Structure formats: structure tokens, C-alpha cells
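Participant: Input structure: coords13.tsv, which contains TSV, C-alpha atoms and all ligand atoms.
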chain	number	residue	atom	x	y	z
X	1	MET	CA	26.47	4.63	-6.39
X	2	LEU	CA	28.84	2.49	-8.40
X	3	ILE	CA	30.97	0.52	-5.98
X	4	VAL	CA	33.99	-1.65	-6.80
X	5	GLN	CA	34.42	-4.33	-4.14
X	6	LYS	CA	37.67	-6.26	-3.93
X	7	TYR	CA	37.84	-9.48	-1.92
X	8	GLY	CA	41.21	-10.85	-0.83
X	9	GLY	CA	42.34	-14.47	-0.53
X	10	THR	CA	40.94	-15.21	2.95
X	11	SER	CA	37.65	-13.52	2.06
X	12	VAL	CA	37.13	-16.08	-0.75
X	13	GLY	CA	39.12	-18.86	0.94
X	14	SER	CA	36.38	-21.51	0.97
X	15	VAL	CA	32.94	-22.24	-0.45
X	16	GLU	CA	31.40	-20.82	2.74
X	17	ARG	CA	33.42	-17.64	2.41
X	18	ILE	CA	32.42	-17.29	-1.27
X	19	GLU	CA	28.77	-17.69	-0.24
X	20	ALA	CA	29.23	-14.97	2.40
X	21	VAL	CA	30.79	-12.67	-0.21
X	22	ALA	CA	27.89	-13.36	-2.58
X	23	ASP	CA	25.47	-12.39	0.21
X	24	ARG	CA	27.31	-9.15	0.76
X	25	VAL	CA	27.33	-8.30	-2.97
X	26	ALA	CA	23.60	-9.13	-3.11
X	27	ARG	CA	22.96	-6.77	-0.18
X	28	THR	CA	24.87	-4.01	-1.95
X	29	ILE	CA	22.78	-4.45	-5.10
X	30	LYS	CA	19.58	-4.61	-3.06
X	31	ALA	CA	20.50	-1.31	-1.43
X	32	GLY	CA	20.26	0.20	-4.92
X	33	HIS	CA	23.94	0.34	-5.87
X	34	SER	CA	25.72	-0.97	-8.94
X	35	CYS	CA	28.64	-3.23	-8.22
X	36	ALA	CA	31.77	-4.56	-9.92
X	37	VAL	CA	33.73	-7.17	-8.02
X	38	VAL	CA	37.47	-7.94	-8.16
X	39	VAL	CA	38.73	-11.14	-6.54
X	40	SER	CA	42.01	-12.67	-5.39
X	41	ALA	CA	42.75	-16.37	-5.60
X	42	MET	CA	41.23	-18.60	-2.89
X	43	GLY	CA	43.28	-18.77	0.31
X	44	HIS	CA	46.89	-19.79	-0.30
X	45	THR	CA	46.28	-20.88	-3.90
X	46	THR	CA	48.94	-18.60	-5.39
X	47	ASP	CA	51.58	-19.94	-2.96
X	48	GLU	CA	50.58	-23.50	-3.82
X	49	LEU	CA	50.91	-22.79	-7.54
X	50	VAL	CA	54.39	-21.36	-6.93
X	51	THR	CA	55.30	-24.53	-5.02
X	52	LEU	CA	54.08	-26.72	-7.89
X	53	ALA	CA	56.20	-24.82	-10.39
X	54	LYS	CA	59.26	-25.07	-8.14
X	55	ALA	CA	58.80	-28.82	-7.96
X	56	ILE	CA	59.21	-28.93	-11.75
X	57	THR	CA	61.95	-26.36	-12.25
X	58	ARG	CA	63.89	-23.73	-10.32
X	59	ASP	CA	64.08	-21.65	-13.48
X	60	ALA	CA	60.54	-21.48	-14.86
X	61	ASP	CA	59.81	-19.65	-18.10
X	62	PRO	CA	58.27	-16.33	-16.91
X	63	ARG	CA	55.53	-16.59	-19.53
X	64	GLU	CA	54.44	-19.99	-18.22
X	65	MET	CA	54.77	-18.82	-14.61
X	66	ASP	CA	52.23	-16.05	-15.25
X	67	ALA	CA	50.00	-18.43	-17.21
X	68	LEU	CA	50.02	-20.67	-14.14
X	69	LEU	CA	49.58	-18.02	-11.42
X	70	SER	CA	46.71	-16.32	-13.25
X	71	THR	CA	44.59	-19.47	-12.92
X	72	GLY	CA	44.01	-18.95	-9.18
X	73	GLU	CA	41.89	-15.84	-9.67
X	74	GLN	CA	39.91	-17.52	-12.46
X	75	VAL	CA	38.70	-20.15	-10.02
X	76	SER	CA	37.41	-17.66	-7.48
X	77	ALA	CA	35.88	-15.35	-10.12
X	78	SER	CA	33.83	-18.08	-11.77
X	79	LEU	CA	32.75	-19.62	-8.44
X	80	LEU	CA	31.61	-16.23	-7.14
X	81	ALA	CA	29.72	-15.55	-10.39
X	82	MET	CA	27.91	-18.89	-9.89
X	83	ALA	CA	27.13	-18.05	-6.26
X	84	LEU	CA	25.66	-14.71	-7.33
X	85	GLN	CA	23.56	-16.42	-9.99
X	86	THR	CA	22.09	-18.83	-7.44
X	87	ARG	CA	20.91	-15.71	-5.57
X	88	GLY	CA	18.96	-14.60	-8.63
X	89	LEU	CA	21.50	-11.98	-9.67
X	90	GLN	CA	22.94	-11.72	-13.13
X	91	ALA	CA	26.70	-12.09	-12.92
X	92	ARG	CA	29.56	-12.85	-15.30
X	93	SER	CA	33.23	-13.61	-14.68
X	94	PHE	CA	35.94	-11.69	-16.54
X	95	THR	CA	39.59	-12.64	-16.83
X	96	GLY	CA	42.14	-9.84	-17.25
X	97	TRP	CA	42.00	-9.83	-21.03
X	98	GLN	CA	38.21	-10.09	-21.12
X	99	ALA	CA	38.01	-7.05	-18.85
X	100	GLY	CA	40.40	-5.09	-21.12
X	101	ILE	CA	43.18	-4.79	-18.54
X	102	PHE	CA	46.40	-3.99	-20.44
X	103	THR	CA	49.84	-4.06	-18.85
X	104	GLU	CA	53.43	-3.41	-19.89
X	105	PRO	CA	55.18	-6.43	-21.47
X	106	VAL	CA	56.73	-7.67	-18.23
X	107	HIS	CA	56.14	-10.95	-16.44
X	108	GLY	CA	55.75	-11.36	-12.69
X	109	ASN	CA	55.56	-7.68	-11.75
X	110	ALA	CA	53.89	-5.83	-14.64
X	111	ARG	CA	52.54	-2.31	-14.28
X	112	LEU	CA	49.11	-1.50	-15.61
X	113	LEU	CA	49.03	0.61	-18.78
X	114	HIS	CA	45.32	1.20	-19.29
X	115	ILE	CA	41.91	-0.36	-18.97
X	116	ASP	CA	39.55	-0.51	-21.91
X	117	SER	CA	36.38	-0.47	-19.86
X	118	ASP	CA	33.84	-0.79	-22.71
X	119	ALA	CA	32.97	-4.42	-21.97
X	120	LEU	CA	32.62	-3.79	-18.23
X	121	ASN	CA	30.51	-0.66	-18.75
X	122	ARG	CA	28.27	-2.55	-21.12
X	123	VAL	CA	27.48	-5.38	-18.69
X	124	ILE	CA	27.05	-3.02	-15.75
X	125	GLY	CA	24.59	-1.03	-17.90
X	126	GLN	CA	22.64	-4.26	-18.42
X	127	GLY	CA	22.43	-4.88	-14.69
X	128	ILE	CA	24.98	-7.69	-14.74
X	129	VAL	CA	27.61	-7.87	-11.98
X	130	PRO	CA	31.07	-8.35	-13.50
X	131	VAL	CA	33.36	-10.50	-11.34
X	132	ILE	CA	36.90	-9.67	-12.45
X	133	THR	CA	40.08	-11.61	-11.77
X	134	GLY	CA	42.55	-9.45	-9.87
X	135	PHE	CA	46.34	-9.67	-10.21
X	136	GLN	CA	46.35	-10.24	-14.00
X	137	GLY	CA	46.27	-8.44	-17.30
X	138	ILE	CA	47.36	-8.91	-20.86
X	139	SER	CA	50.23	-7.67	-23.00
X	140	GLY	CA	50.05	-8.64	-26.65
X	141	ASP	CA	49.12	-12.31	-26.59
X	142	ARG	CA	50.60	-12.88	-23.14
X	143	VAL	CA	48.91	-13.13	-19.79
X	144	THR	CA	50.83	-11.02	-17.27
X	145	THR	CA	50.64	-10.69	-13.48
X	146	LEU	CA	51.06	-7.59	-11.34
X	147	GLY	CA	53.24	-8.87	-8.49
X	148	ARG	CA	52.20	-10.54	-5.25
X	149	GLY	CA	49.32	-8.72	-3.61
X	150	GLY	CA	48.50	-7.09	-6.95
X	151	SER	CA	44.73	-7.59	-6.82
X	152	ASP	CA	44.42	-4.38	-4.79
X	153	THR	CA	45.98	-2.54	-7.70
X	154	SER	CA	43.58	-4.20	-10.15
X	155	ALA	CA	40.62	-3.07	-8.04
X	156	VAL	CA	41.78	0.54	-7.82
X	157	ALA	CA	42.48	0.64	-11.55
X	158	VAL	CA	39.06	-0.80	-12.36
X	159	ALA	CA	37.47	1.75	-10.00
X	160	ALA	CA	39.34	4.58	-11.73
X	161	ALA	CA	38.43	3.33	-15.22
X	162	LEU	CA	34.75	2.94	-14.32
X	163	GLU	CA	34.78	6.26	-12.45
X	164	ALA	CA	33.32	4.40	-9.49
X	165	ASP	CA	32.17	6.35	-6.46
X	166	LEU	CA	33.96	4.05	-4.05
X	167	CYS	CA	36.48	1.20	-3.99
X	168	GLU	CA	36.09	-1.13	-1.01
X	169	ILE	CA	39.00	-3.44	-0.20
X	170	TYR	CA	37.65	-6.37	1.82
X	171	THR	CA	40.20	-8.26	3.86
X	172	ASP	CA	40.53	-10.26	7.10
X	173	VAL	CA	41.32	-7.26	9.31
X	174	LYS	CA	38.89	-4.49	10.22
X	175	GLY	CA	40.89	-1.70	8.66
X	176	VAL	CA	44.24	0.04	8.90
X	177	TYR	CA	45.64	-0.06	12.43
X	178	THR	CA	48.09	2.21	14.23
X	179	THR	CA	50.41	-0.81	14.13
X	180	ASP	CA	50.17	-4.59	13.85
X	181	PRO	CA	47.69	-5.67	16.58
X	182	ARG	CA	49.55	-8.99	16.84
X	183	VAL	CA	52.52	-7.08	18.26
X	184	VAL	CA	50.78	-4.31	20.19
X	185	LYS	CA	47.49	-5.18	21.92
X	186	ALA	CA	46.58	-1.52	22.27
X	187	ALA	CA	46.77	-0.93	18.49
X	188	ARG	CA	43.72	1.02	17.27
X	189	LYS	CA	41.83	1.00	14.00
X	190	LEU	CA	42.11	4.34	12.21
X	191	GLU	CA	38.97	6.04	10.89
X	192	THR	CA	40.86	7.87	8.17
X	193	ILE	CA	44.37	7.96	6.80
X	194	SER	CA	45.84	10.07	4.00
X	195	TYR	CA	47.09	8.53	0.74
X	196	ASP	CA	50.63	9.66	1.56
X	197	GLU	CA	50.60	8.13	5.04
X	198	MET	CA	49.13	4.91	3.68
X	199	LEU	CA	51.73	4.82	0.92
X	200	GLU	CA	54.54	5.17	3.48
X	201	LEU	CA	53.03	2.49	5.73
X	202	ALA	CA	52.41	0.09	2.82
X	203	THR	CA	55.93	0.59	1.47
X	204	LEU	CA	57.42	0.25	4.95
X	205	GLY	CA	56.01	-3.23	5.37
X	206	ALA	CA	52.37	-2.90	6.51
X	207	GLN	CA	50.76	-5.74	4.55
X	208	VAL	CA	47.24	-4.39	4.37
X	209	LEU	CA	47.43	-2.71	0.93
X	210	HIS	CA	49.65	-3.07	-2.12
X	211	PRO	CA	51.76	0.14	-2.41
X	212	ARG	CA	50.97	0.56	-6.10
X	213	ALA	CA	47.25	0.45	-5.35
X	214	VAL	CA	47.66	3.40	-2.98
X	215	GLU	CA	49.78	5.27	-5.54
X	216	ASN	CA	47.08	4.81	-8.20
X	217	ALA	CA	44.28	5.70	-5.81
X	218	LYS	CA	46.04	8.97	-5.02
X	219	GLN	CA	46.75	9.70	-8.67
X	220	PHE	CA	43.19	9.10	-9.82
X	221	GLY	CA	41.46	10.32	-6.66
X	222	VAL	CA	39.81	6.96	-5.98
X	223	ARG	CA	38.07	6.91	-2.61
X	224	LEU	CA	39.32	3.77	-0.86
X	225	VAL	CA	37.95	1.95	2.14
X	226	VAL	CA	39.76	-0.95	3.81
X	227	ARG	CA	37.36	-3.16	5.78
X	228	SER	CA	36.69	-6.71	6.87
X	229	SER	CA	34.52	-9.19	4.97
X	230	PHE	CA	33.99	-11.03	8.28
X	231	HIS	CA	32.28	-8.13	10.08
X	232	ASP	CA	29.92	-5.30	9.31
X	233	GLU	CA	32.00	-2.71	11.08
X	234	GLU	CA	33.06	0.35	9.10
X	235	GLY	CA	36.64	0.25	7.94
X	236	THR	CA	39.35	2.85	7.37
X	237	VAL	CA	38.89	5.52	4.70
X	238	VAL	CA	42.04	6.30	2.69
X	239	MET	CA	41.74	9.83	1.35
X	240	GLU	CA	43.47	13.06	0.36
X	241	ALA	CA	44.92	14.82	3.40
X	242	THR	CA	42.82	17.83	4.28
X	243	SER	CA	44.21	20.69	6.34
X	244	GLY	CA	42.86	18.86	9.39
X	245	PHE	CA	45.45	16.13	8.95
X	246	GLU	CA	48.31	18.45	9.87
X	247	LEU	CA	46.58	19.25	13.13
X	248	ARG	CA	46.33	15.61	14.12
X	249	GLU	CA	48.67	13.82	16.44
X	250	ALA	CA	52.19	13.84	15.02
X	251	VAL	CA	52.23	10.08	14.50
X	252	THR	CA	49.47	8.14	12.73
X	253	GLY	CA	51.03	4.71	12.49
X	254	ILE	CA	54.10	2.57	13.12
X	255	ALA	CA	55.45	0.12	10.56
X	256	PHE	CA	58.26	-2.36	10.92
X	257	GLU	CA	60.27	-4.97	9.08
X	258	ARG	CA	62.52	-7.68	10.42
X	259	GLU	CA	64.72	-9.03	7.64
X	260	VAL	CA	67.09	-6.21	6.84
X	261	ALA	CA	70.81	-6.34	6.01
X	262	ARG	CA	73.33	-3.51	5.96
X	263	VAL	CA	76.14	-3.44	3.42
X	264	ALA	CA	79.05	-1.08	4.03
X	265	VAL	CA	81.52	-0.24	1.30
X	266	VAL	CA	84.48	1.13	3.16
X	267	GLY	CA	87.20	3.47	1.91
X	268	VAL	CA	86.02	4.51	-1.54
X	269	PRO	CA	88.28	7.22	-3.02
X	270	LEU	CA	86.12	10.34	-3.25
X	271	GLN	CA	86.87	11.09	-6.89
X	272	ARG	CA	85.60	7.65	-7.98
X	273	HIS	CA	81.95	8.65	-7.54
X	274	GLY	CA	81.17	5.42	-5.74
X	275	LEU	CA	77.53	6.29	-5.03
X	276	ALA	CA	76.63	6.68	-8.70
X	277	THR	CA	78.45	3.53	-9.78
X	278	VAL	CA	77.21	1.25	-7.00
X	279	PHE	CA	73.57	2.28	-7.10
X	280	LYS	CA	73.31	2.31	-10.88
X	281	ARG	CA	74.64	-1.24	-10.97
X	282	LEU	CA	72.33	-2.45	-8.19
X	283	ALA	CA	69.32	-0.80	-9.81
X	284	SER	CA	70.00	-2.41	-13.16
X	285	ASP	CA	70.25	-5.78	-11.40
X	286	GLY	CA	66.91	-5.18	-9.72
X	287	VAL	CA	68.20	-4.90	-6.14
X	288	ASN	CA	66.00	-2.58	-4.09
X	289	VAL	CA	68.17	-0.35	-1.91
X	290	ASP	CA	66.59	1.36	1.06
X	291	VAL	CA	68.39	3.56	3.60
X	292	ILE	CA	71.63	5.08	2.28
X	293	VAL	CA	74.31	6.85	4.29
X	294	GLN	CA	77.54	8.27	2.91
X	295	SER	CA	80.12	9.67	5.23
X	296	VAL	CA	83.32	11.41	4.32
X	297	VAL	CA	86.30	10.02	6.17
X	298	GLY	CA	89.29	12.39	6.17
X	299	THR	CA	89.59	14.44	2.99
X	300	ASP	CA	89.52	12.06	0.09
X	301	VAL	CA	87.80	8.83	1.13
X	302	VAL	CA	84.12	8.01	1.76
X	303	ASP	CA	82.29	5.13	3.39
X	304	VAL	CA	79.00	4.19	1.79
X	305	SER	CA	76.53	2.05	3.69
X	306	PHE	CA	73.03	1.05	2.71
X	307	THR	CA	70.35	-1.48	3.57
X	308	VAL	CA	68.74	-4.19	1.44
X	309	LYS	CA	66.36	-7.04	2.18
X	310	GLU	CA	68.19	-9.84	3.95
X	311	GLU	CA	67.37	-12.25	1.10
X	312	ASP	CA	69.22	-9.92	-1.33
X	313	ALA	CA	72.32	-9.55	0.86
X	314	ASP	CA	74.56	-12.22	-0.72
X	315	ARG	CA	73.74	-11.13	-4.25
X	316	THR	CA	74.36	-7.49	-3.35
X	317	VAL	CA	77.79	-8.23	-1.92
X	318	ARG	CA	78.68	-10.23	-5.02
X	319	ILE	CA	77.62	-7.40	-7.34
X	320	VAL	CA	79.50	-4.73	-5.38
X	321	ARG	CA	82.65	-6.92	-5.21
X	322	GLU	CA	82.70	-7.03	-8.99
X	323	LEU	CA	83.05	-3.24	-8.93
X	324	GLN	CA	86.22	-3.42	-6.81
X	325	PRO	CA	88.68	-2.89	-9.72
X	326	GLU	CA	86.74	0.17	-10.85
X	327	LEU	CA	86.18	1.72	-7.42
X	328	SER	CA	89.26	0.43	-5.59
X	329	PHE	CA	87.51	0.51	-2.24
X	330	HIS	CA	89.20	-0.80	0.85
X	331	ASP	CA	86.67	-3.35	2.07
X	332	ILE	CA	83.06	-4.49	1.99
X	333	VAL	CA	81.21	-5.56	5.13
X	334	CYS	CA	77.75	-7.09	5.38
X	335	GLU	CA	75.70	-7.27	8.56
X	336	THR	CA	72.48	-9.28	8.70
X	337	GLY	CA	69.96	-9.69	11.52
X	338	LEU	CA	68.74	-6.10	11.39
X	339	GLY	CA	65.26	-4.61	11.24
X	340	LYS	CA	63.59	-1.29	10.61
X	341	VAL	CA	61.07	0.61	12.69
X	342	SER	CA	59.27	3.62	11.21
X	343	ILE	CA	56.88	6.21	12.55
X	344	VAL	CA	54.58	7.83	9.97
X	345	GLY	CA	52.29	10.83	10.25
X	346	ALA	CA	51.13	13.81	8.19
X	347	GLY	CA	51.14	15.76	11.46
X	348	MET	CA	54.97	15.68	11.49
X	349	ILE	CA	55.09	18.46	8.91
X	350	SER	CA	53.90	20.96	11.50
X	351	ASN	CA	55.48	19.26	14.48
X	352	PRO	CA	59.25	19.70	14.60
X	353	GLY	CA	60.60	17.63	17.51
X	354	VAL	CA	59.16	14.26	16.43
X	355	ALA	CA	62.43	12.67	15.33
X	356	ALA	CA	64.10	13.84	18.55
X	357	GLN	CA	61.26	12.35	20.55
X	358	MET	CA	61.63	9.04	18.70
X	359	PHE	CA	65.37	8.91	19.44
X	360	GLU	CA	64.64	9.68	23.08
X	361	VAL	CA	62.19	6.77	23.31
X	362	MET	CA	64.74	4.45	21.73
X	363	ALA	CA	67.48	5.68	24.06
X	364	GLY	CA	65.17	5.24	27.05
X	365	ALA	CA	64.57	1.63	25.98
X	366	ASP	CA	68.30	1.18	25.46
X	367	ILE	CA	67.91	0.28	21.78
X	368	PRO	CA	70.90	1.42	19.72
X	369	ILE	CA	70.06	2.98	16.34
X	370	ALA	CA	72.32	1.91	13.48
X	371	MET	CA	70.97	4.21	10.74
X	372	VAL	CA	68.23	6.78	10.26
X	373	SER	CA	66.27	7.98	7.26
X	374	THR	CA	63.52	10.57	7.10
X	375	SER	CA	60.96	12.08	4.78
X	376	GLU	CA	58.46	14.86	5.41
X	377	ILE	CA	56.07	12.41	7.04
X	378	LYS	CA	58.22	9.57	8.38
X	379	VAL	CA	61.28	8.70	10.42
X	380	SER	CA	62.82	5.23	10.08
X	381	CYS	CA	65.45	3.70	12.35
X	382	ILE	CA	67.53	0.63	11.57
X	383	VAL	CA	67.98	-1.46	14.73
X	384	GLN	CA	68.85	-5.04	15.68
X	385	ALA	CA	66.07	-7.37	14.49
X	386	ASP	CA	65.51	-8.75	17.97
X	387	ALA	CA	64.82	-5.23	19.27
X	388	VAL	CA	62.15	-4.47	16.67
X	389	GLU	CA	59.13	-5.62	18.69
X	390	ARG	CA	60.26	-3.83	21.81
X	391	ALA	CA	60.86	-0.64	19.83
X	392	VAL	CA	57.38	-0.83	18.27
X	393	LYS	CA	55.76	-1.32	21.69
X	394	GLU	CA	57.68	1.56	23.28
X	395	LEU	CA	56.97	3.91	20.37
X	396	HIS	CA	53.30	2.99	20.31
X	397	ALA	CA	53.06	3.68	24.04
X	398	ALA	CA	54.84	7.01	23.66
X	399	PHE	CA	53.05	8.36	20.57
X	400	LEU	CA	49.75	6.55	20.26
X	401	GLU	CA	48.43	5.57	23.70
X	501	LIG	N1	46.66	-13.96	-5.54
X	501	LIG	C1	47.74	-13.02	-5.67
X	501	LIG	C2	48.71	-13.16	-4.52
X	501	LIG	O1	48.56	-13.95	-3.66
X	501	LIG	C3	47.29	-11.61	-5.79
X	501	LIG	C4	46.52	-11.07	-4.63
X	501	LIG	O2	45.96	-11.80	-3.83
X	501	LIG	O3	46.45	-9.84	-4.50
X	501	LIG	O4	49.69	-12.47	-4.49
X	502	MG	MG	46.54	-8.58	-0.36
Hey, can you dump this file as C-alpha cells for me?
Ligand code: ASP
Ligand code: MG
Facilitator:
Amino acid sequence: MLIVQKYGGTSVGSVERIEAVADRVARTIKAGHSCAVVVSAMGHTTDELVTLAKAITRDADPREMDALLSTGEQVSASLLAMALQTRGLQARSFTGWQAGIFTEPVHGNARLLHIDSDALNRVIGQGIVPVITGFQGISGDRVTTLGRGGSDTSAVAVAAALEADLCEIYTDVKGVYTTDPRVVKAARKLETISYDEMLELATLGAQVLHPRAVENAKQFGVRLVVRSSFHDEEGTVVMEATSGFELREAVTGIAFEREVARVAVVGVPLQRHGLATVFKRLASDGVNVDVIVQSVVGTDVVDVSFTVKEEDADRTVRIVRELQPELSFHDIVCETGLGKVSIVGAGMISNPGVAAQMFEVMAGADIPIAMVSTSEIKVSCIVQADAVERAVKELHAAFLE
């Protein structure tokens, strides 16, 4: 088999950890497999590099920011290549451009365009283990980065380009859990989860995988396994939902977020098409809007309310205020200190009363719901931030214990 193994920051966080990773790669090769490795930066290196830049300027040139951040992965890639060599294996480090990883011309959050895998295929054919820097690529003569947590996406893309049989994501948890085990002791590791469920969970705030990595894995049919580099236990397989998935329990996992703000634009004259104007403007300013509710008040006025990340709240209010002359709304109100709790499960498709059951659990726990949004496989409720943990515990007990 050709296996792509990706090791996250804690997995390569020290010399000892890098040695342990090298042992694991060596075992994989000894078992008769070929291996390509993708690494994150050691420990909190990327955060430390961000801090260094901030100490120089609050307004760093994006090109230089990416040049700086991409160095973290180069350290771990070359150290791991050395560690593999001391074990008698042939290994070679590859930066993004050396590995032929091309991205769009965007700094800080670039999407991958394609991978020219000739160089990687050549070394793998020669029995050399390529150790590739995650999180970075190239656009023209510029080094680009893929956004925080982007090494997962690098690994999946490399696995797709090499047509690998398997992409293993090694991290510091044993797999994907029904919810965060730090909040709910009874949280269980899942054996399997569908791409769509994983994508919902990752997007809804579960930190274990980068959403874009899941999107790409689904698109290219990459078989993904999330597992721990600290244990030998089997992890969680992320795969296409088979018909069996719809027969599973209605809820597979619970995700949550704490720092949510709600912005309400009150009294927008109906004929002004407030929704189109507000959301076009916010999108072009790069504000990510989540749950949206529009309600018609009387015959000719609407209220529009939506949620954003708390850190974007002030900017959002400022942007919407600028639209006041055009929209002539009555008022704008911003509420912070909110959170979001979501239940996710492919089994919901064939299981009607799940939303009702969720609302019942919340009512039973006396947690008021401020807003709701749903998709085929999830229901999200906006609640007070200080009720989030309690909601997660109650929902886990009701659906997953
Ligand atoms: N080192 C980068 C980060 O911390 C990328 C990654 O680890 O996935 O965001
Ligand atoms: Mg990560």
C-alpha cells in the first residue's frame, strides 16, 4: 500500500516526539508499505512566529507573513528526514514548491490549485521517503500558506495526487469523538463517520480536522483515518456514507462554539431588498455570516438577524451602519455572549422527529433557544454562551448515552 501519513504539531512537538514519529514511519516501511509523510510545525511554532511578527508590526506585508509562517514546517520536515536517515531509511525533505504544490495567488488562506507529483513519484519509486511541509504551497514566485490548520489539507491533496491507498492523520487524540471529551466524560470514539458528517462537525467547530481537508477527501475519494501518534489504537475512518449510515442512531456527534454574536437589523423596508445588500457587502468584506433569520413584521417591513464570530461583531456593525442611507432601516442591535450547539448525524435523513427531540431536551434543561438553523444532517441552536456546556451534556445524555 502507499500510505500518506500526516503528523500534527503535538506529534512532532519535540525531539523525542520526532524520534517516535520516525519509529512509526520505519515500522510502516518495514511492514512492506510505501510512505509519504506530511508534517506540521513543531508544537506552537506557528503561534510563536505570529507573535514575533506582531511585535514588529500590526500590519505585516502578507507576502512576508507567509514567508515567515512557512518556516515552521521546514524545521520539522528536515528534522524528521534526519531522524529517518539515522534509522537507515532513505528520506528527503520537500518544501511546498519542491513538492510541486501550487495554490491560488492568495496569502494567508490560499486554496490548492493542483499538485505536480512528478518529483514525489520519482523519489517514492526510488524507495526514498519524502517528508513534505504541510500548510504551504507556491504561486508564481511567492510562498503561500493554506490557513491555520491547513496541513491536513496538504496531506489529503498529496494523497489524492499520489493516488495513495490511505491518508492517516496523526494527532494527539485517538480519533473523532461523539463530542469533546473535555466537556463530556462519556464521549465515545467513533469507528466510522461519513465525509458529510465530518464536514459538518469540522465546520461547526470540532478542531480535529480542517474542513477543507474533509471537502477534498470527499471530492477525490481519499480514505482518511484520524488516529493518535501517542497510541497504537485504531482511529476513526472517515468515509463515504453507505446505506448503513442512514440506519444508525439519528445523532453521530455534537459540536459547539462559544464566541458567537447576533446582529439584528430592525425595520428594513421590504422593497429595499435588505438581505441581498447586507450579505453581499459582508461577503465582499470577508465577514463569515452563519445563521440567518428574516422575519416579516406587518406588511412592508422585515427584521433581519444573523450570527457572526464574536471577534467580527464590531466590524460587522460598522459595515451595516454604513448601509443605513441605502436601506433606511430603523435600528441595529448587537448581542454578544452567545454560543452555538449542533447535533449532526446522517441518520437524521430517515428520522423525522430529531429536531423536536432536541428542542425538548433544551426545554427540559430550561435553556432558551435564540435561533435555529438546519440542514439535512444537522440542527444548530444559538443559546447563551454560559449554557453551551450544559446543553452539550444534556444532548449527549439524551442522544448518545
Ligand atoms: N502549522 C500550521 C498551523 O498551526 C498548520 C497546521 O499545523 O496544520 O496552523
Ligand atoms: Mg490541526
Participant: I'd like the interatomic distance between CA of Val278 (chain X) and CA of Leu323 (chain X), to a tenth of an Å.
Facilitator: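 So the answer is 7.6 Å.
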Participant: Counting only C-alpha atoms and all ligand atoms, which protein, DNA or RNA residues come within 9 Å of ligand MG 502 (chain X), given as a PDB file with C-alpha atoms, in the coordinates of the input?
Facilitator:
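The resulting file, out-v2.pdb, is shown below:
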ATOM      1  CA  TYR X   7      37.840  -9.480  -1.920  1.00  0.00           C
ATOM      2  CA  GLY X   8      41.210 -10.850  -0.830  1.00  0.00           C
ATOM      3  CA  GLY X   9      42.340 -14.470  -0.530  1.00  0.00           C
ATOM      4  CA  SER X  40      42.010 -12.670  -5.390  1.00  0.00           C
ATOM      5  CA  ARG X 148      52.200 -10.540  -5.250  1.00  0.00           C
ATOM      6  CA  GLY X 149      49.320  -8.720  -3.610  1.00  0.00           C
ATOM      7  CA  GLY X 150      48.500  -7.090  -6.950  1.00  0.00           C
ATOM      8  CA  SER X 151      44.730  -7.590  -6.820  1.00  0.00           C
ATOM      9  CA  ASP X 152      44.420  -4.380  -4.790  1.00  0.00           C
ATOM     10  CA  THR X 171      40.200  -8.260   3.860  1.00  0.00           C
ATOM     11  CA  GLN X 207      50.760  -5.740   4.550  1.00  0.00           C
ATOM     12  CA  VAL X 208      47.240  -4.390   4.370  1.00  0.00           C
ATOM     13  CA  LEU X 209      47.430  -2.710   0.930  1.00  0.00           C
ATOM     14  CA  HIS X 210      49.650  -3.070  -2.120  1.00  0.00           C
TER      15      HIS X 210
END
Participant: Taking all atoms listed in the file into account, which residues have an atom no farther than 10 Å from ligand LIG 501 (chain X)? I'd like them as a PyMOL selection string.
Facilitator: chain X and resi 6-10+38-50+69-73+133-136+145-155+209-210
Participant: Enter the distance from CA of Phe256 (chain X) to CA of Val237 (chain X), in Å, rounded to one decimal.
Facilitator: 21.8 Å
Participant: With only C-alpha atoms as the counted atoms, please give the residues lying no more than 12 Å from region 291-295 of chain X, apart from itself and same-chain residues fewer than 3 positions off, as a PyMOL selection string.
Facilitator: chain X and resi 204+260-270+273-276+278-279+288+298-309+339-340+342+370-375+379-382
Participant: Starting from the incomplete input, reconstruct N, CA, C and O atoms of region 95-106 of chain X and write that as an mmCIF file, in the frame of the given file.
Facilitator:
data_model
loop_
_atom_site.group_PDB
_atom_site.id
_atom_site.type_symbol
_atom_site.label_atom_id
_atom_site.label_comp_id
_atom_site.auth_asym_id
_atom_site.auth_seq_id
_atom_site.Cartn_x
_atom_site.Cartn_y
_atom_site.Cartn_z
ATOM 1 N N THR X 95 38.153 -12.551 -17.061
ATOM 2 C CA THR X 95 39.590 -12.640 -16.830
ATOM 3 C C THR X 95 40.193 -11.276 -17.188
ATOM 4 O O THR X 95 39.483 -10.391 -17.667
ATOM 5 N N GLY X 96 41.503 -11.123 -16.959
ATOM 6 C CA GLY X 96 42.140 -9.840 -17.250
ATOM 7 C C GLY X 96 41.906 -9.381 -18.680
ATOM 8 O O GLY X 96 41.496 -8.244 -18.927
ATOM 9 N N TRP X 97 42.137 -10.272 -19.635
ATOM 10 C CA TRP X 97 42.000 -9.830 -21.030
ATOM 11 C C TRP X 97 40.547 -9.561 -21.398
ATOM 12 O O TRP X 97 40.242 -8.645 -22.151
ATOM 13 N N GLN X 98 39.628 -10.336 -20.824
ATOM 14 C CA GLN X 98 38.210 -10.090 -21.120
ATOM 15 C C GLN X 98 37.752 -8.743 -20.569
ATOM 16 O O GLN X 98 36.865 -8.107 -21.125
ATOM 17 N N ALA X 99 38.391 -8.330 -19.467
ATOM 18 C CA ALA X 99 38.010 -7.050 -18.850
ATOM 19 C C ALA X 99 38.762 -5.884 -19.480
ATOM 20 O O ALA X 99 38.555 -4.738 -19.105
ATOM 21 N N GLY X 100 39.658 -6.175 -20.445
ATOM 22 C CA GLY X 100 40.400 -5.090 -21.120
ATOM 23 C C GLY X 100 41.479 -4.473 -20.257
ATOM 24 O O GLY X 100 41.750 -3.276 -20.330
ATOM 25 N N ILE X 101 42.129 -5.305 -19.424
ATOM 26 C CA ILE X 101 43.180 -4.790 -18.540
ATOM 27 C C ILE X 101 44.549 -5.000 -19.212
ATOM 28 O O ILE X 101 45.045 -6.123 -19.311
ATOM 29 N N PHE X 102 45.139 -3.910 -19.698
ATOM 30 C CA PHE X 102 46.400 -3.990 -20.440
ATOM 31 C C PHE X 102 47.568 -3.582 -19.566
ATOM 32 O O PHE X 102 47.495 -2.597 -18.831
ATOM 33 N N THR X 103 48.647 -4.348 -19.648
ATOM 34 C CA THR X 103 49.840 -4.060 -18.850
ATOM 35 C C THR X 103 51.056 -3.884 -19.752
ATOM 36 O O THR X 103 51.001 -4.170 -20.945
ATOM 37 N N GLU X 104 52.164 -3.443 -19.153
ATOM 38 C CA GLU X 104 53.430 -3.410 -19.890
ATOM 39 C C GLU X 104 53.872 -4.852 -20.138
ATOM 40 O O GLU X 104 53.407 -5.777 -19.468
ATOM 41 N N PRO X 105 54.770 -5.067 -21.126
ATOM 42 C CA PRO X 105 55.180 -6.430 -21.470
ATOM 43 C C PRO X 105 56.218 -7.004 -20.512
ATOM 44 O O PRO X 105 57.348 -7.260 -20.887
ATOM 45 N N VAL X 106 55.814 -7.177 -19.262
ATOM 46 C CA VAL X 106 56.730 -7.670 -18.230
ATOM 47 C C VAL X 106 56.022 -8.800 -17.514
ATOM 48 O O VAL X 106 54.825 -8.725 -17.259
#
